[in-house]
Structure formats: C-alpha cells, structure tokens
Amino acid sequence: MIKYKELNKVKKLEFIELLNKQSIRKHLINHPNFNSKMFDKWLDEKIAMNNISGCKLRAIYSNNTLAGWCGIQYENKKYEIAIILDDKFWGIGKTIIFKKLINWAKELGHKTIYINFFHTRKKYKFLEKIALNKYETTLFGEKFITYELDLN
C-alpha cells in the first residue's frame with residue numbers, strides 16, 4: 001500500500017539515511033552527504049516549494065517503509081515531476097507514483113509538465129512514446145534529459 005505524507009511528517013534521521021544512500025545519489029547532482037543542518041535547509045526549501053501555487057511535494061511510504069519522495073516542483077521557470085526512490089522500490093515509480101503525479105498535475109491545472117532525468121539514468125521508452133518533446137538540458141551545471149508532457 002502506498003501512502004503520501006507531508007515531508008515534515010517524516011522522521012528526520014530516517015529521511016537523512018534514505019537521501020544519503022548511494023543508490024539514490026548516483027542519479028542526482030553531486031553534493032555532500034546530508035547532515036542534520038543540511039537536511040534542515042533542504043527540508044525548509046522543499047516546504048517552501050510545496051507552498052508555491054501549482055506545487056505539491058510528499059514523502060512516499062510503501063507498506064509503512066519510507067521509499068522516497070516525489071512531487072511537482074517549480075524549477076527553472078517550469079513545473080516538473082520529481083520522483084526520488086530507494087532502488088528497492090523502483091518498480092512502483094512508473095506504475096503507481098508517476099500516474100499519481102500526473103493526476104496531481106491535472107488537478108493543479110497544469111497543461112504541460114516536465115521530467116528531468118540526470119544523464120546517468122537509462123532511457124524510458126514509455127516516456128519517449130508519450131512525450132511532446134525530448135531534449136538535453138543543462139541544469140545547475142549538469143546534463144539532464146528533459147521530457148515535455150502534454151496533459152490535455
């Protein structure tokens with residue numbers, strides 16, 4: 001069973017442990033491991049993002065285990081889908097969480113949504129089939145593959 005919780009409802013140490021896992025970090029922009037202070041700053045930024053109109057960020061629990069976090073966030077003047085999962089839960093990303101995020105985006109009134117995958121991620125054929133556009137993007141000095149999705 002999948003549940004979504006507000007980010008500030010997650011136990012801090014549990015979240016830090018998850019975010020510092022190498023299996024998660026290898027597909028993200030390189031940054032130091034989280035300590036308590038860095039995590040507090042990250043969490044404050046995500047909570048502020050969650051309060052922006054059109055955004056919604058949540059922690060993901062699968063069978064009462066923290067699996068990651070997801071949401072719709074506003075980055076680089078575009079609304080984007082973010083799904084960050086422990087590799088033990090990758091199977092639920094496409095099948096359950098992606099669909100939930102698309103529904104959230106529609107409920108929030110988005111007509112278009114973007115997904116930015118770090119260059120280390122494999123190609124996703126299902127996204128290539130449904131994307132309006134696919135192109136390379138540079139964000140924060142790193143290479144990403146961006147998929148533009150039409151929600152109409």
# chains A, B, ... in the order shown; residues from 1 in each chain; ligands from 1
>>> select_by_dssp(residues="chain A", states="helix (DSSP H, G or I)", output="short mmCIF file (atom, residue, chain, number, x, y, z; two decimals) with N, CA, C and O atoms, in the first residue's frame")
data_model
loop_
_atom_site.label_atom_id
_atom_site.label_comp_id
_atom_site.auth_asym_id
_atom_site.auth_seq_id
_atom_site.Cartn_x
_atom_site.Cartn_y
_atom_site.Cartn_z
N LEU A 7 6.27 16.24 3.86
CA LEU A 7 7.69 15.98 4.11
C LEU A 7 8.08 16.21 5.56
O LEU A 7 8.93 15.49 6.10
N ASN A 8 7.47 17.19 6.21
CA ASN A 8 7.84 17.47 7.59
C ASN A 8 7.25 16.48 8.59
O ASN A 8 7.46 16.59 9.78
N LYS A 9 6.52 15.48 8.12
CA LYS A 9 5.95 14.44 8.98
C LYS A 9 6.83 13.20 9.03
O LYS A 9 6.50 12.23 9.71
N LYS A 12 13.28 12.64 10.89
CA LYS A 12 14.46 13.28 10.31
C LYS A 12 15.58 12.28 9.99
O LYS A 12 16.10 12.26 8.87
N LEU A 13 15.95 11.46 10.94
CA LEU A 13 17.06 10.52 10.72
C LEU A 13 16.74 9.49 9.65
O LEU A 13 17.60 9.10 8.87
N GLU A 14 15.48 9.08 9.60
CA GLU A 14 15.03 8.14 8.57
C GLU A 14 15.18 8.76 7.18
O GLU A 14 15.67 8.12 6.24
N PHE A 15 14.81 10.03 7.07
CA PHE A 15 14.89 10.73 5.78
C PHE A 15 16.36 10.96 5.39
O PHE A 15 16.74 10.75 4.24
N ILE A 16 17.18 11.37 6.34
CA ILE A 16 18.60 11.61 6.04
C ILE A 16 19.26 10.32 5.56
O ILE A 16 20.00 10.32 4.57
N GLU A 17 18.97 9.22 6.23
CA GLU A 17 19.55 7.93 5.84
C GLU A 17 19.16 7.58 4.40
O GLU A 17 19.99 7.16 3.60
N LEU A 18 17.91 7.78 4.07
CA LEU A 18 17.44 7.48 2.71
C LEU A 18 18.13 8.38 1.68
O LEU A 18 18.63 7.90 0.67
N LEU A 19 18.16 9.68 1.95
CA LEU A 19 18.74 10.62 0.98
C LEU A 19 20.24 10.45 0.79
O LEU A 19 20.78 10.84 -0.24
N GLN A 22 23.73 5.64 -1.56
CA GLN A 22 24.45 5.75 -2.84
C GLN A 22 23.55 5.42 -4.03
O GLN A 22 23.67 6.02 -5.09
N SER A 23 22.64 4.47 -3.86
CA SER A 23 21.75 4.10 -4.97
C SER A 23 20.85 5.25 -5.39
O SER A 23 20.42 5.32 -6.54
N ILE A 24 20.57 6.18 -4.49
CA ILE A 24 19.79 7.37 -4.82
C ILE A 24 20.70 8.46 -5.35
O ILE A 24 20.42 9.09 -6.36
N ARG A 25 21.82 8.68 -4.69
CA ARG A 25 22.72 9.78 -5.02
C ARG A 25 23.34 9.65 -6.41
O ARG A 25 23.65 10.65 -7.04
N SER A 36 22.53 16.90 9.69
CA SER A 36 21.29 17.46 10.25
C SER A 36 21.03 18.89 9.75
O SER A 36 19.91 19.22 9.34
N LYS A 37 22.05 19.72 9.76
CA LYS A 37 21.90 21.12 9.35
C LYS A 37 21.56 21.22 7.85
O LYS A 37 20.67 21.98 7.46
N MET A 38 22.27 20.46 7.02
CA MET A 38 22.00 20.49 5.57
C MET A 38 20.59 19.98 5.27
O MET A 38 19.90 20.49 4.41
N PHE A 39 20.19 18.93 6.00
CA PHE A 39 18.86 18.39 5.79
C PHE A 39 17.80 19.41 6.16
O PHE A 39 16.81 19.58 5.44
N ASP A 40 17.98 20.10 7.29
CA ASP A 40 17.01 21.12 7.71
C ASP A 40 16.85 22.19 6.63
O ASP A 40 15.73 22.61 6.34
N LYS A 41 17.96 22.61 6.03
CA LYS A 41 17.90 23.60 4.95
C LYS A 41 17.15 23.04 3.75
O LYS A 41 16.29 23.71 3.18
N TRP A 42 17.47 21.80 3.35
CA TRP A 42 16.80 21.15 2.23
C TRP A 42 15.30 21.05 2.50
O TRP A 42 14.48 21.38 1.64
N LEU A 43 14.95 20.60 3.71
CA LEU A 43 13.54 20.44 4.06
C LEU A 43 12.81 21.79 4.03
O LEU A 43 11.70 21.88 3.50
N ASP A 44 13.44 22.82 4.57
CA ASP A 44 12.83 24.16 4.54
C ASP A 44 12.57 24.61 3.10
O ASP A 44 11.52 25.17 2.78
N GLU A 45 13.53 24.34 2.20
CA GLU A 45 13.37 24.70 0.78
C GLU A 45 12.23 23.92 0.14
O GLU A 45 11.45 24.47 -0.64
N LYS A 46 12.12 22.63 0.45
CA LYS A 46 11.05 21.80 -0.12
C LYS A 46 9.69 22.21 0.43
O LYS A 46 8.69 22.23 -0.29
N ILE A 47 9.63 22.56 1.71
CA ILE A 47 8.36 23.01 2.29
C ILE A 47 7.94 24.34 1.65
O ILE A 47 6.76 24.53 1.32
N ALA A 48 8.90 25.23 1.45
CA ALA A 48 8.60 26.50 0.77
C ALA A 48 8.12 26.23 -0.66
O ALA A 48 7.17 26.86 -1.13
N MET A 49 8.76 25.28 -1.34
CA MET A 49 8.35 24.91 -2.70
C MET A 49 6.93 24.37 -2.68
O MET A 49 6.11 24.70 -3.53
N ASN A 50 6.61 23.55 -1.70
CA ASN A 50 5.28 22.97 -1.58
C ASN A 50 4.21 24.04 -1.45
O ASN A 50 3.07 23.85 -1.87
N ASP A 87 16.21 2.27 -4.45
CA ASP A 87 16.18 1.29 -5.54
C ASP A 87 15.32 0.07 -5.22
O ASP A 87 14.84 -0.60 -6.12
N LYS A 88 15.08 -0.22 -3.97
CA LYS A 88 14.21 -1.35 -3.60
C LYS A 88 12.77 -1.12 -4.06
O LYS A 88 11.99 -2.05 -4.13
N PHE A 89 12.44 0.14 -4.38
CA PHE A 89 11.06 0.49 -4.72
C PHE A 89 10.90 0.99 -6.16
O PHE A 89 9.85 1.53 -6.50
N TRP A 90 11.91 0.82 -6.98
CA TRP A 90 11.84 1.38 -8.33
C TRP A 90 10.63 0.90 -9.12
O TRP A 90 10.10 1.62 -9.94
N GLY A 91 10.15 -0.28 -8.90
CA GLY A 91 9.01 -0.80 -9.64
C GLY A 91 7.73 0.01 -9.46
O GLY A 91 6.88 0.04 -10.34
N ILE A 92 7.60 0.69 -8.32
CA ILE A 92 6.38 1.47 -8.08
C ILE A 92 6.46 2.87 -8.68
O ILE A 92 5.45 3.55 -8.77
N GLY A 93 7.65 3.28 -9.12
CA GLY A 93 7.81 4.62 -9.66
C GLY A 93 6.97 4.86 -10.89
O GLY A 93 6.20 5.82 -10.97
N LYS A 94 7.09 3.99 -11.86
CA LYS A 94 6.36 4.14 -13.12
C LYS A 94 4.90 3.73 -12.98
O LYS A 94 4.01 4.40 -13.48
N THR A 95 4.67 2.66 -12.29
CA THR A 95 3.33 2.09 -12.27
C THR A 95 2.35 2.82 -11.37
O THR A 95 1.19 2.95 -11.71
N ILE A 96 2.82 3.31 -10.24
CA ILE A 96 1.89 3.92 -9.29
C ILE A 96 2.16 5.41 -9.11
O ILE A 96 1.27 6.24 -9.26
N ILE A 97 3.39 5.76 -8.78
CA ILE A 97 3.71 7.14 -8.41
C ILE A 97 3.62 8.08 -9.60
O ILE A 97 3.05 9.17 -9.49
N PHE A 98 4.14 7.68 -10.75
CA PHE A 98 4.06 8.52 -11.94
C PHE A 98 2.60 8.86 -12.26
O PHE A 98 2.26 10.02 -12.51
N LYS A 99 1.75 7.87 -12.23
CA LYS A 99 0.33 8.09 -12.52
C LYS A 99 -0.29 9.05 -11.50
O LYS A 99 -1.10 9.91 -11.85
N LYS A 100 0.08 8.90 -10.23
CA LYS A 100 -0.43 9.78 -9.18
C LYS A 100 0.01 11.22 -9.45
O LYS A 100 -0.78 12.16 -9.33
N LEU A 101 1.27 11.41 -9.83
CA LEU A 101 1.79 12.75 -10.10
C LEU A 101 1.11 13.38 -11.31
O LEU A 101 0.85 14.59 -11.31
N ILE A 102 0.85 12.60 -12.31
CA ILE A 102 0.12 13.13 -13.48
C ILE A 102 -1.27 13.59 -13.04
O ILE A 102 -1.73 14.67 -13.44
N ASN A 103 -1.93 12.82 -12.20
CA ASN A 103 -3.25 13.23 -11.68
C ASN A 103 -3.14 14.51 -10.86
O ASN A 103 -3.98 15.40 -10.99
N TRP A 104 -2.11 14.60 -9.99
CA TRP A 104 -1.92 15.83 -9.22
C TRP A 104 -1.73 17.02 -10.15
O TRP A 104 -2.29 18.08 -9.93
N ALA A 105 -0.89 16.83 -11.18
CA ALA A 105 -0.61 17.94 -12.11
C ALA A 105 -1.89 18.42 -12.78
O ALA A 105 -2.12 19.63 -12.90
N LYS A 106 -2.73 17.50 -13.19
CA LYS A 106 -4.01 17.86 -13.81
C LYS A 106 -4.91 18.59 -12.80
O LYS A 106 -5.53 19.60 -13.14
N GLU A 107 -4.98 18.05 -11.57
CA GLU A 107 -5.79 18.69 -10.53
C GLU A 107 -5.31 20.10 -10.23
O GLU A 107 -6.12 20.99 -9.91
N LYS A 125 11.43 4.22 -22.56
CA LYS A 125 10.67 4.11 -23.81
C LYS A 125 9.23 4.58 -23.64
O LYS A 125 8.70 5.22 -24.53
N PHE A 126 8.63 4.30 -22.50
CA PHE A 126 7.24 4.73 -22.31
C PHE A 126 7.14 6.25 -22.32
O PHE A 126 6.17 6.81 -22.82
N LEU A 127 8.15 6.95 -21.78
CA LEU A 127 8.14 8.41 -21.81
C LEU A 127 8.40 8.93 -23.23
O LEU A 127 7.79 9.92 -23.65
N GLU A 128 9.29 8.28 -23.94
CA GLU A 128 9.57 8.71 -25.31
C GLU A 128 8.32 8.60 -26.17
O GLU A 128 8.11 9.41 -27.07
N LYS A 129 7.47 7.63 -25.88
CA LYS A 129 6.24 7.45 -26.66
C LYS A 129 5.20 8.54 -26.36
O LYS A 129 4.46 8.93 -27.25
N ILE A 130 5.15 9.00 -25.12
CA ILE A 130 4.10 9.95 -24.75
C ILE A 130 4.58 11.40 -24.72
O ILE A 130 3.76 12.32 -24.61
#
>>> select_by_dssp(residues="region 16-88 of chain A", states="strand (DSSP E)", output="PDB file with C-alpha atoms, in the first residue's frame")
ATOM      1  CA  LYS A  56       2.880  19.545  -4.286  1.00  0.00           C
ATOM      2  CA  LEU A  57       5.691  17.578  -2.587  1.00  0.00           C
ATOM      3  CA  ARG A  58       5.271  14.457  -0.469  1.00  0.00           C
ATOM      4  CA  ALA A  59       7.198  11.618   1.146  1.00  0.00           C
ATOM      5  CA  ILE A  60       6.342   8.181  -0.203  1.00  0.00           C
ATOM      6  CA  TYR A  61       5.695   5.220   2.066  1.00  0.00           C
ATOM      7  CA  SER A  62       5.290   1.688   0.784  1.00  0.00           C
ATOM      8  CA  THR A  65       8.519   1.991   4.923  1.00  0.00           C
ATOM      9  CA  LEU A  66       9.917   5.288   3.664  1.00  0.00           C
ATOM     10  CA  ALA A  67      10.519   4.666  -0.040  1.00  0.00           C
ATOM     11  CA  GLY A  68      11.446   8.198  -1.151  1.00  0.00           C
ATOM     12  CA  TRP A  69       9.801  11.468  -2.026  1.00  0.00           C
ATOM     13  CA  CYS A  70       8.005  12.871  -5.030  1.00  0.00           C
ATOM     14  CA  GLY A  71       6.123  15.840  -6.252  1.00  0.00           C
ATOM     15  CA  ILE A  72       5.531  18.643  -8.630  1.00  0.00           C
ATOM     16  CA  GLN A  73       8.019  21.428  -8.133  1.00  0.00           C
ATOM     17  CA  TYR A  74       8.822  24.688  -9.849  1.00  0.00           C
ATOM     18  CA  GLU A  75      12.380  24.744 -11.195  1.00  0.00           C
ATOM     19  CA  LYS A  78       8.838  25.209 -15.366  1.00  0.00           C
ATOM     20  CA  TYR A  79       6.756  22.784 -13.357  1.00  0.00           C
ATOM     21  CA  GLU A  80       8.447  19.425 -13.185  1.00  0.00           C
ATOM     22  CA  ILE A  81       7.791  15.995 -11.787  1.00  0.00           C
ATOM     23  CA  ALA A  82      10.322  14.702  -9.278  1.00  0.00           C
ATOM     24  CA  ILE A  83      10.452  11.074  -8.156  1.00  0.00           C
ATOM     25  CA  ILE A  84      13.297  10.072  -5.850  1.00  0.00           C
ATOM     26  CA  LEU A  85      13.079   6.428  -4.786  1.00  0.00           C
TER      27      LEU A  85
END
>>> closest_residue(among="A:Ile52, A:Ile145, A:Val10, A:Leu151", to="Phe118 (chain A)", atoms="only C-alpha atoms")
A:Ile145
>>> atom_distance(atom1="CA of Tyr147 (chain A)", atom2="CA of Pro32 (chain A)")
27.5 Å
>>> residues_around(residues="Asn133 (chain A)", least_positions_apart="6", cutoff="12 Å", atoms="only C-alpha atoms", output="list in words")
Thr112, Ile113, Tyr114, Ile115, Asn116, Leu127, Ile145, Thr146, Tyr147, Glu148, Leu149 and Asp150 of chain A
>>> write_last_selection(atoms="N, CA and C atoms", output="CSV table (one decimal), in the first residue's frame")
chain,number,residue,atom,x,y,z
A,112,THR,N,1.0,21.4,-19.2
A,112,THR,CA,2.3,20.8,-19.6
A,112,THR,C,3.1,20.6,-18.3
A,113,ILE,N,3.8,19.4,-18.3
A,113,ILE,CA,4.7,19.1,-17.2
A,113,ILE,C,6.0,18.6,-17.7
A,114,TYR,N,7.1,18.8,-17.0
A,114,TYR,CA,8.4,18.3,-17.5
A,114,TYR,C,9.0,17.3,-16.5
A,115,ILE,N,9.8,16.4,-17.0
A,115,ILE,CA,10.5,15.5,-16.2
A,115,ILE,C,12.0,15.6,-16.6
A,116,ASN,N,12.9,15.9,-15.7
A,116,ASN,CA,14.3,16.0,-16.0
A,116,ASN,C,15.0,14.8,-15.3
A,127,LEU,N,8.2,6.9,-21.8
A,127,LEU,CA,8.1,8.4,-21.8
A,127,LEU,C,8.4,8.9,-23.2
A,145,ILE,N,18.3,14.8,-19.3
A,145,ILE,CA,17.4,14.6,-20.4
A,145,ILE,C,16.0,15.0,-20.0
A,146,THR,N,15.4,15.9,-20.7
A,146,THR,CA,14.1,16.5,-20.4
A,146,THR,C,13.0,16.0,-21.3
A,147,TYR,N,11.9,15.5,-20.6
A,147,TYR,CA,10.8,15.1,-21.4
A,147,TYR,C,9.7,16.1,-21.1
A,148,GLU,N,9.0,16.6,-22.2
A,148,GLU,CA,7.9,17.5,-22.0
A,148,GLU,C,6.6,16.7,-22.3
A,149,LEU,N,5.7,16.8,-21.3
A,149,LEU,CA,4.5,16.0,-21.5
A,149,LEU,C,3.3,16.9,-21.6
A,150,ASP,N,2.4,16.7,-22.5
A,150,ASP,CA,1.1,17.4,-22.6
A,150,ASP,C,0.1,16.7,-21.8
>>> atom_distance(atom1="CA of His119 (chain A)", atom2="CA of Phe144 (chain A)")
4.9 Å
>>> atom_distance(atom1="CA of Ser53 (chain A)", atom2="CA of Lys134 (chain A)")
25.8 Å
>>> decode(residues="region 50-101 of chain A", atoms="C-alpha atoms", output="PDB file, in the first residue's frame")
ATOM      1  CA  ASN A  50       5.284  22.966  -1.584  1.00  0.00           C
ATOM      2  CA  ASN A  51       3.616  26.286  -0.695  1.00  0.00           C
ATOM      3  CA  ILE A  52       4.060  27.682  -4.223  1.00  0.00           C
ATOM      4  CA  SER A  53       0.866  27.589  -6.252  1.00  0.00           C
ATOM      5  CA  GLY A  54       0.972  24.596  -8.602  1.00  0.00           C
ATOM      6  CA  CYS A  55       3.417  22.593  -6.466  1.00  0.00           C
ATOM      7  CA  LYS A  56       2.880  19.545  -4.286  1.00  0.00           C
ATOM      8  CA  LEU A  57       5.691  17.578  -2.587  1.00  0.00           C
ATOM      9  CA  ARG A  58       5.271  14.457  -0.469  1.00  0.00           C
ATOM     10  CA  ALA A  59       7.198  11.618   1.146  1.00  0.00           C
ATOM     11  CA  ILE A  60       6.342   8.181  -0.203  1.00  0.00           C
ATOM     12  CA  TYR A  61       5.695   5.220   2.066  1.00  0.00           C
ATOM     13  CA  SER A  62       5.290   1.688   0.784  1.00  0.00           C
ATOM     14  CA  ASN A  63       3.911  -0.707   3.397  1.00  0.00           C
ATOM     15  CA  ASN A  64       4.907   1.726   6.164  1.00  0.00           C
ATOM     16  CA  THR A  65       8.519   1.991   4.923  1.00  0.00           C
ATOM     17  CA  LEU A  66       9.917   5.288   3.664  1.00  0.00           C
ATOM     18  CA  ALA A  67      10.519   4.666  -0.040  1.00  0.00           C
ATOM     19  CA  GLY A  68      11.446   8.198  -1.151  1.00  0.00           C
ATOM     20  CA  TRP A  69       9.801  11.468  -2.026  1.00  0.00           C
ATOM     21  CA  CYS A  70       8.005  12.871  -5.030  1.00  0.00           C
ATOM     22  CA  GLY A  71       6.123  15.840  -6.252  1.00  0.00           C
ATOM     23  CA  ILE A  72       5.531  18.643  -8.630  1.00  0.00           C
ATOM     24  CA  GLN A  73       8.019  21.428  -8.133  1.00  0.00           C
ATOM     25  CA  TYR A  74       8.822  24.688  -9.849  1.00  0.00           C
ATOM     26  CA  GLU A  75      12.380  24.744 -11.195  1.00  0.00           C
ATOM     27  CA  ASN A  76      13.869  26.935 -13.917  1.00  0.00           C
ATOM     28  CA  LYS A  77      10.523  28.569 -14.693  1.00  0.00           C
ATOM     29  CA  LYS A  78       8.838  25.209 -15.366  1.00  0.00           C
ATOM     30  CA  TYR A  79       6.756  22.784 -13.357  1.00  0.00           C
ATOM     31  CA  GLU A  80       8.447  19.425 -13.185  1.00  0.00           C
ATOM     32  CA  ILE A  81       7.791  15.995 -11.787  1.00  0.00           C
ATOM     33  CA  ALA A  82      10.322  14.702  -9.278  1.00  0.00           C
ATOM     34  CA  ILE A  83      10.452  11.074  -8.156  1.00  0.00           C
ATOM     35  CA  ILE A  84      13.297  10.072  -5.850  1.00  0.00           C
ATOM     36  CA  LEU A  85      13.079   6.428  -4.786  1.00  0.00           C
ATOM     37  CA  ASP A  86      15.207   3.916  -2.952  1.00  0.00           C
ATOM     38  CA  ASP A  87      16.175   1.295  -5.540  1.00  0.00           C
ATOM     39  CA  LYS A  88      14.209  -1.347  -3.600  1.00  0.00           C
ATOM     40  CA  PHE A  89      11.055   0.486  -4.718  1.00  0.00           C
ATOM     41  CA  TRP A  90      11.842   1.377  -8.330  1.00  0.00           C
ATOM     42  CA  GLY A  91       9.009  -0.799  -9.642  1.00  0.00           C
ATOM     43  CA  ILE A  92       6.383   1.472  -8.080  1.00  0.00           C
ATOM     44  CA  GLY A  93       7.812   4.623  -9.663  1.00  0.00           C
ATOM     45  CA  LYS A  94       6.362   4.144 -13.122  1.00  0.00           C
ATOM     46  CA  THR A  95       3.331   2.090 -12.275  1.00  0.00           C
ATOM     47  CA  ILE A  96       1.893   3.919  -9.287  1.00  0.00           C
ATOM     48  CA  ILE A  97       3.711   7.137  -8.414  1.00  0.00           C
ATOM     49  CA  PHE A  98       4.058   8.525 -11.944  1.00  0.00           C
ATOM     50  CA  LYS A  99       0.331   8.091 -12.515  1.00  0.00           C
ATOM     51  CA  LYS A 100      -0.426   9.779  -9.183  1.00  0.00           C
ATOM     52  CA  LEU A 101       1.790  12.747 -10.098  1.00  0.00           C
TER      53      LEU A 101
END
